[in-house]
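Notes follow the structure.
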Amino acid sequence: MASTVSHHTGTRITDTASTERIAADIERRLRAADRLVLPLEDTLELLGQLQQFELGRFLLHNRGLNGYWTSYIFRNRPEGPVTPLEHWLLNDSLLCQARERYHRFRELIAEHITDGATLASVPCGVMDDLLEQDYRDVTGIRLVGVDLDTESLRYAEENARRHGLAEHASFRHEDAWNLGAEEEFDLVVSNGLNMYESDPARLTDLYRSFHRALRPGGRLLISFLTPPPPPPWEAPEHAAAWAKYRIGEDDLRRELSIMGDIVQATYLNFSSESDVRSQLEAAGFTVQAVRYNAGGVLPIAIAVK
Ligand SMILES: C[S@@+](CC[C@H](N)C(=O)[O-])C[C@H]1O[C@@H](n2cnc3c(N)ncnc32)[C@H](O)[C@@H]1O
């Protein structure tokens, strides 16, 4: 079984010494770097600030998000005071723009809520996508969450109970590349896994696994990240392309400094629409549509078996 690609340790990092070790390694790497997006002093200041809140520490340790922190960003309801940098991550960063896609996903999922349907979320994380839906008008619905991380599965179970959906939900500790399901699901929703994988052949294998798990006629809803243009300060002719992302230059520099120079996030594997279309088709799907947001970014592909 593959290891989780997006994180390796528990959700709450309480071991201060290990955070300090990781930060010291990052600081050494930053000091030796030929080129940084922001001046070194500003970059080190951000590194210091990231250690001051749980989401920041999780990013430093894991270079990506797990189900819990993805949900935390999408829901944007922190339980206590937040530091200025955490506030920025939750409200002004590119990362938090995925929240809008999460809501588009929910609208697309709602179209598939019918009597007796089996809906799966792979990877489910805490499974907000399927659990934050209205099932009052249907009977016999089954919700299946699959994740490789037992802690995420525990959160998802708790979430199902909180929504009064525990009796409709079941959870599987499986690798998305090797799903046990065969022709079982009417819908597979997949957000936040393919962007951690850089190998196109592995991506096609992932989509084959989704294809096997779906009933004939079943649908896959899947997000992907398209390649962003080069930063506008390096290539001013791309300023218009950046306008689609609705992020100012200072915020973009901060984002690239944090996710690129400091965290070296592992989820920044980009696929063009045509790559995703060919991979889905190679896996046996017919691509029905690719839907972007109003600005023309953050696509969701809709594919049919
Ligand atoms: C960024 S989170 C997204 C979770 C959820 N889909 C969402 O949008 O909130 C990525 C999830 O992928 C899970 N994951 C990573 N590798 C996996 C694999 N090979 N098979 C199944 N789940 C995996 C992680 O445990 C984590 O919960």
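Going by the structure tokens order, chains are called A, B, ..., each with residues numbered from 1, while ligands are numbered from 1 in the order shown.
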Within 12 Å of range 146-169 of chain A, which residues of range 182-266 of chain A come that close, and what is the closest atom pair and distance in Å for each? Count only C-alpha atoms and give it as a Markdown table.
| residue | atom | partner | partner_atom | distance |
| --- | --- | --- | --- | --- |
| A:Val188 | CA | A:Val146 | CA | 10.4 |
| A:Val189 | CA | A:Val146 | CA | 10.6 |
| A:Ser190 | CA | A:Val146 | CA | 10.2 |
| A:Asn191 | CA | A:Asp147 | CA | 11.7 |
| A:Gly192 | CA | A:Asp147 | CA | 11.5 |
| A:Leu193 | CA | A:Asp147 | CA | 10.3 |
| A:Phe210 | CA | A:Val146 | CA | 11.5 |
| A:Ala213 | CA | A:Val146 | CA | 11.7 |
For chain A against ligand 1, with a cut-off of 7 Å and counting only C-alpha atoms and all ligand atoms, what is the closest atom pair and its distance in Å to one decimal for every residue that makes the cut, ordered by chain and number, as CSV?
residue,atom,partner,partner_atom_place_in_ligand_line,distance
A:Ala2,CA,ligand 1,19 (N),5.5
A:Ser3,CA,ligand 1,19 (N),6.1
A:Thr4,CA,ligand 1,16 (N),3.5
A:Val5,CA,ligand 1,16 (N),4.4
A:Ser6,CA,ligand 1,15 (C),5.1
A:His7,CA,ligand 1,24 (C),6.6
A:Leu65,CA,ligand 1,1 (C),4.8
A:Asn66,CA,ligand 1,26 (C),4.3
A:Gly67,CA,ligand 1,27 (O),3.9
A:Thr70,CA,ligand 1,9 (O),4.8
A:Ser71,CA,ligand 1,9 (O),5.2
A:Ser121,CA,ligand 1,6 (N),6.8
A:Val122,CA,ligand 1,6 (N),6.3
A:Pro123,CA,ligand 1,22 (N),4.4
A:Cys124,CA,ligand 1,6 (N),4.5
A:Gly125,CA,ligand 1,27 (O),3.8
A:Val126,CA,ligand 1,9 (O),6.3
A:Met127,CA,ligand 1,5 (C),6.2
A:Asp128,CA,ligand 1,9 (O),6.6
A:Val146,CA,ligand 1,21 (C),6.3
A:Asp147,CA,ligand 1,22 (N),3.8
A:Leu148,CA,ligand 1,22 (N),4.1
A:Asp149,CA,ligand 1,25 (O),4.3
A:Ser152,CA,ligand 1,27 (O),5.6
A:Glu174,CA,ligand 1,21 (C),5.9
A:Asp175,CA,ligand 1,20 (N),3.6
A:Ala176,CA,ligand 1,20 (N),3.8
A:Trp177,CA,ligand 1,19 (N),6.2
A:Ser190,CA,ligand 1,6 (N),5.9
A:Asn191,CA,ligand 1,6 (N),4.3
A:Gly192,CA,ligand 1,3 (C),4.3
A:Leu193,CA,ligand 1,12 (O),5.3
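We find CA of Leu187 in chain A and CA of Arg277 in chain A to be spaced 18.2 Å apart.
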Q | Close residues, Leu47 in chain A itself excluded, 10 Å, only C-alpha atoms, min 4 positions apart in chain, as a PyMOL selection string | A | chain A and resi 23-24+26-27+30+41-43+51-52+56-57+60+257-258+261-263
Saved selection, atoms kept: C-alpha atoms, as a JSON list (two decimals), in the first residue's frame:
[["chain", "number", "residue", "atom", "x", "y", "z"],
["A", 23, "ALA", "CA", 12.66, 25.41, 10.96],
["A", 24, "ALA", "CA", 16.46, 25.39, 11.48],
["A", 26, "ILE", "CA", 14.66, 25.39, 6.36],
["A", 27, "GLU", "CA", 16.56, 28.47, 7.57],
["A", 30, "LEU", "CA", 17.02, 29.65, 2.71],
["A", 41, "GLU", "CA", 15.10, 38.84, 6.20],
["A", 42, "ASP", "CA", 11.43, 38.97, 5.19],
["A", 43, "THR", "CA", 11.48, 35.27, 4.33],
["A", 51, "GLN", "CA", 5.79, 28.46, 13.72],
["A", 52, "GLN", "CA", 3.28, 30.45, 15.78],
["A", 56, "GLY", "CA", 1.61, 26.96, 9.93],
["A", 57, "ARG", "CA", 3.41, 24.27, 11.93],
["A", 60, "LEU", "CA", 6.27, 23.22, 7.87],
["A", 257, "SER", "CA", 7.62, 32.79, -0.62],
["A", 258, "ILE", "CA", 5.64, 30.68, 1.86],
["A", 261, "ASP", "CA", 10.69, 29.01, -0.86],
["A", 262, "ILE", "CA", 9.81, 28.10, 2.73],
["A", 263, "VAL", "CA", 7.40, 25.15, 2.75]]
Q.
Env of range 87-93 of chain A: 8 Å cut, atoms = only C-alpha atoms, seq-sep filter 5 positions within chain, self excluded. Answer as number ranges by chain.
A. A: 73, 76, 82, 247, 251-252, 255
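Look at Gly218 in chain A: the protein and nucleic acid residues within 7 Å of it, using only C-alpha atoms and passing over chain neighbours fewer than 6 places away, are Phe185, Asp186, Leu187, Val304 and Lys305 of chain A.
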Got a sec: who's within 10 Å of Tyr102 in chain A, counting only C-alpha atoms, leaving out chain neighbours fewer than 2 positions off, as an mmCIF file with all heavy atoms, in the first residue's frame?
data_model
loop_
_atom_site.group_PDB
_atom_site.id
_atom_site.type_symbol
_atom_site.label_atom_id
_atom_site.label_comp_id
_atom_site.auth_asym_id
_atom_site.auth_seq_id
_atom_site.Cartn_x
_atom_site.Cartn_y
_atom_site.Cartn_z
ATOM 1 N N SER A 71 -10.260 21.013 5.529
ATOM 2 C CA SER A 71 -11.596 21.376 6.008
ATOM 3 C C SER A 71 -11.550 22.696 6.796
ATOM 4 O O SER A 71 -12.429 23.550 6.660
ATOM 5 C CB SER A 71 -12.130 20.237 6.882
ATOM 6 O OG SER A 71 -13.256 20.626 7.577
ATOM 7 N N PHE A 74 -11.437 25.424 4.244
ATOM 8 C CA PHE A 74 -12.707 25.575 3.520
ATOM 9 C C PHE A 74 -13.777 26.175 4.421
ATOM 10 O O PHE A 74 -14.578 26.993 3.998
ATOM 11 C CB PHE A 74 -13.205 24.217 3.001
ATOM 12 C CG PHE A 74 -12.388 23.657 1.866
ATOM 13 C CD1 PHE A 74 -12.566 22.346 1.466
ATOM 14 C CD2 PHE A 74 -11.461 24.438 1.196
ATOM 15 C CE1 PHE A 74 -11.822 21.819 0.425
ATOM 16 C CE2 PHE A 74 -10.716 23.915 0.153
ATOM 17 C CZ PHE A 74 -10.905 22.606 -0.232
ATOM 18 N N ARG A 75 -13.824 25.734 5.667
ATOM 19 C CA ARG A 75 -14.902 26.204 6.548
ATOM 20 C C ARG A 75 -14.604 27.586 7.120
ATOM 21 O O ARG A 75 -15.503 28.339 7.430
ATOM 22 C CB ARG A 75 -15.134 25.196 7.676
ATOM 23 C CG ARG A 75 -15.590 23.843 7.136
ATOM 24 C CD ARG A 75 -15.602 22.817 8.232
ATOM 25 N NE ARG A 75 -16.606 23.144 9.207
ATOM 26 C CZ ARG A 75 -17.873 22.776 9.138
ATOM 27 N NH1 ARG A 75 -18.263 22.038 8.140
ATOM 28 N NH2 ARG A 75 -18.733 23.125 10.053
ATOM 29 N N GLN A 97 -8.428 30.242 -1.887
ATOM 30 C CA GLN A 97 -9.358 30.345 -3.022
ATOM 31 C C GLN A 97 -10.000 29.004 -3.345
ATOM 32 O O GLN A 97 -11.045 28.937 -3.991
ATOM 33 C CB GLN A 97 -8.629 30.878 -4.248
ATOM 34 C CG GLN A 97 -8.270 32.330 -4.095
ATOM 35 C CD GLN A 97 -7.862 32.943 -5.417
ATOM 36 O OE1 GLN A 97 -8.074 32.383 -6.478
ATOM 37 N NE2 GLN A 97 -7.271 34.113 -5.347
ATOM 38 N N ALA A 98 -9.365 27.920 -2.881
ATOM 39 C CA ALA A 98 -9.948 26.589 -3.120
ATOM 40 C C ALA A 98 -11.303 26.463 -2.417
ATOM 41 O O ALA A 98 -12.077 25.561 -2.718
ATOM 42 C CB ALA A 98 -8.992 25.510 -2.639
ATOM 43 N N ARG A 99 -11.563 27.365 -1.468
ATOM 44 C CA ARG A 99 -12.858 27.342 -0.769
ATOM 45 C C ARG A 99 -14.012 27.527 -1.769
ATOM 46 O O ARG A 99 -15.041 26.874 -1.678
ATOM 47 C CB ARG A 99 -12.864 28.488 0.249
ATOM 48 C CG ARG A 99 -14.039 28.452 1.186
ATOM 49 C CD ARG A 99 -13.933 29.584 2.181
ATOM 50 N NE ARG A 99 -12.706 29.536 2.941
ATOM 51 C CZ ARG A 99 -11.952 30.605 3.247
ATOM 52 N NH1 ARG A 99 -12.317 31.810 2.879
ATOM 53 N NH2 ARG A 99 -10.847 30.460 3.930
ATOM 54 N N GLU A 100 -13.799 28.423 -2.713
ATOM 55 C CA GLU A 100 -14.850 28.683 -3.717
ATOM 56 C C GLU A 100 -15.087 27.413 -4.539
ATOM 57 O O GLU A 100 -16.229 27.051 -4.846
ATOM 58 C CB GLU A 100 -14.382 29.862 -4.591
ATOM 59 C CG GLU A 100 -15.291 30.226 -5.751
ATOM 60 C CD GLU A 100 -15.059 29.358 -6.978
ATOM 61 O OE1 GLU A 100 -13.922 28.870 -7.197
ATOM 62 O OE2 GLU A 100 -16.023 29.151 -7.713
ATOM 63 N N ARG A 104 -18.471 25.003 -5.336
ATOM 64 C CA ARG A 104 -18.922 24.554 -6.667
ATOM 65 C C ARG A 104 -19.069 23.037 -6.693
ATOM 66 O O ARG A 104 -19.995 22.485 -7.275
ATOM 67 C CB ARG A 104 -17.928 25.000 -7.734
ATOM 68 C CG ARG A 104 -18.327 26.318 -8.382
ATOM 69 C CD ARG A 104 -17.420 26.657 -9.527
ATOM 70 N NE ARG A 104 -16.049 26.828 -9.107
ATOM 71 C CZ ARG A 104 -14.998 26.286 -9.709
ATOM 72 N NH1 ARG A 104 -15.163 25.542 -10.783
ATOM 73 N NH2 ARG A 104 -13.780 26.506 -9.266
ATOM 74 N N PHE A 105 -18.121 22.352 -6.062
ATOM 75 C CA PHE A 105 -18.180 20.889 -5.951
ATOM 76 C C PHE A 105 -19.496 20.475 -5.305
ATOM 77 O O PHE A 105 -20.174 19.580 -5.751
ATOM 78 C CB PHE A 105 -17.060 20.396 -5.018
ATOM 79 C CG PHE A 105 -15.991 19.604 -5.720
ATOM 80 C CD1 PHE A 105 -14.678 20.045 -5.705
ATOM 81 C CD2 PHE A 105 -16.289 18.407 -6.341
ATOM 82 C CE1 PHE A 105 -13.680 19.321 -6.320
ATOM 83 C CE2 PHE A 105 -15.297 17.675 -6.959
ATOM 84 C CZ PHE A 105 -13.990 18.133 -6.955
ATOM 85 N N ARG A 106 -19.835 21.169 -4.200
ATOM 86 C CA ARG A 106 -21.046 20.794 -3.462
ATOM 87 C C ARG A 106 -22.281 20.934 -4.343
ATOM 88 O O ARG A 106 -23.177 20.104 -4.302
ATOM 89 C CB ARG A 106 -21.197 21.666 -2.208
ATOM 90 C CG ARG A 106 -20.260 21.190 -1.104
ATOM 91 C CD ARG A 106 -20.598 21.843 0.210
ATOM 92 N NE ARG A 106 -22.019 21.750 0.481
ATOM 93 C CZ ARG A 106 -22.741 22.706 1.074
ATOM 94 N NH1 ARG A 106 -22.162 23.821 1.441
ATOM 95 N NH2 ARG A 106 -24.008 22.542 1.300
ATOM 96 N N GLU A 107 -22.299 21.978 -5.182
ATOM 97 C CA GLU A 107 -23.466 22.148 -6.067
ATOM 98 C C GLU A 107 -23.530 21.022 -7.097
ATOM 99 O O GLU A 107 -24.599 20.507 -7.401
ATOM 100 C CB GLU A 107 -23.388 23.492 -6.796
ATOM 101 C CG GLU A 107 -23.788 24.634 -5.875
ATOM 102 C CD GLU A 107 -23.429 25.995 -6.432
ATOM 103 O OE1 GLU A 107 -23.304 26.133 -7.669
ATOM 104 O OE2 GLU A 107 -23.257 26.925 -5.622
ATOM 105 N N LEU A 108 -22.359 20.614 -7.615
ATOM 106 C CA LEU A 108 -22.346 19.529 -8.606
ATOM 107 C C LEU A 108 -22.762 18.203 -7.961
ATOM 108 O O LEU A 108 -23.503 17.419 -8.547
ATOM 109 C CB LEU A 108 -20.943 19.384 -9.218
ATOM 110 C CG LEU A 108 -20.503 20.513 -10.146
ATOM 111 C CD1 LEU A 108 -19.024 20.386 -10.494
ATOM 112 C CD2 LEU A 108 -21.340 20.479 -11.440
ATOM 113 N N ASP A 128 -16.362 16.585 4.288
ATOM 114 C CA ASP A 128 -17.342 17.674 4.234
ATOM 115 C C ASP A 128 -18.116 17.635 2.913
ATOM 116 O O ASP A 128 -19.304 17.947 2.878
ATOM 117 C CB ASP A 128 -16.651 19.049 4.311
ATOM 118 C CG ASP A 128 -16.141 19.372 5.713
ATOM 119 O OD1 ASP A 128 -16.667 18.797 6.679
ATOM 120 O OD2 ASP A 128 -15.215 20.198 5.820
ATOM 121 N N ASP A 129 -17.412 17.276 1.806
ATOM 122 C CA ASP A 129 -18.065 17.350 0.485
ATOM 123 C C ASP A 129 -19.371 16.558 0.433
ATOM 124 O O ASP A 129 -20.375 17.032 -0.063
ATOM 125 C CB ASP A 129 -17.104 16.941 -0.657
ATOM 126 C CG ASP A 129 -16.365 15.627 -0.425
ATOM 127 O OD1 ASP A 129 -16.683 14.912 0.561
ATOM 128 O OD2 ASP A 129 -15.467 15.307 -1.235
ATOM 129 N N ASN A 191 -11.081 15.352 -4.592
ATOM 130 C CA ASN A 191 -10.449 16.667 -4.465
ATOM 131 C C ASN A 191 -9.186 16.537 -3.625
ATOM 132 O O ASN A 191 -9.216 15.934 -2.552
ATOM 133 C CB ASN A 191 -11.416 17.645 -3.778
ATOM 134 C CG ASN A 191 -10.793 19.015 -3.637
ATOM 135 O OD1 ASN A 191 -10.359 19.605 -4.618
ATOM 136 N ND2 ASN A 191 -10.702 19.495 -2.413
ATOM 137 N N SER A 223 -11.158 17.664 -9.217
ATOM 138 C CA SER A 223 -10.485 18.952 -9.407
ATOM 139 C C SER A 223 -9.056 18.714 -9.873
ATOM 140 O O SER A 223 -8.503 17.624 -9.680
ATOM 141 C CB SER A 223 -10.481 19.739 -8.094
ATOM 142 O OG SER A 223 -9.827 18.987 -7.104
ATOM 143 N N ILE A 300 -12.947 21.941 -12.418
ATOM 144 C CA ILE A 300 -13.441 20.629 -11.977
ATOM 145 C C ILE A 300 -13.825 19.883 -13.257
ATOM 146 O O ILE A 300 -14.583 20.412 -14.077
ATOM 147 C CB ILE A 300 -14.705 20.768 -11.091
ATOM 148 C CG1 ILE A 300 -14.384 21.573 -9.825
ATOM 149 C CG2 ILE A 300 -15.273 19.393 -10.744
ATOM 150 C CD1 ILE A 300 -15.614 21.895 -8.965
#
Q: Looking only at strand (DSSP E or B) from DSSP on the backbone, list the matching residues of range 100-138 of chain A as a PyMOL selection string.
A: chain A and resi 118-121
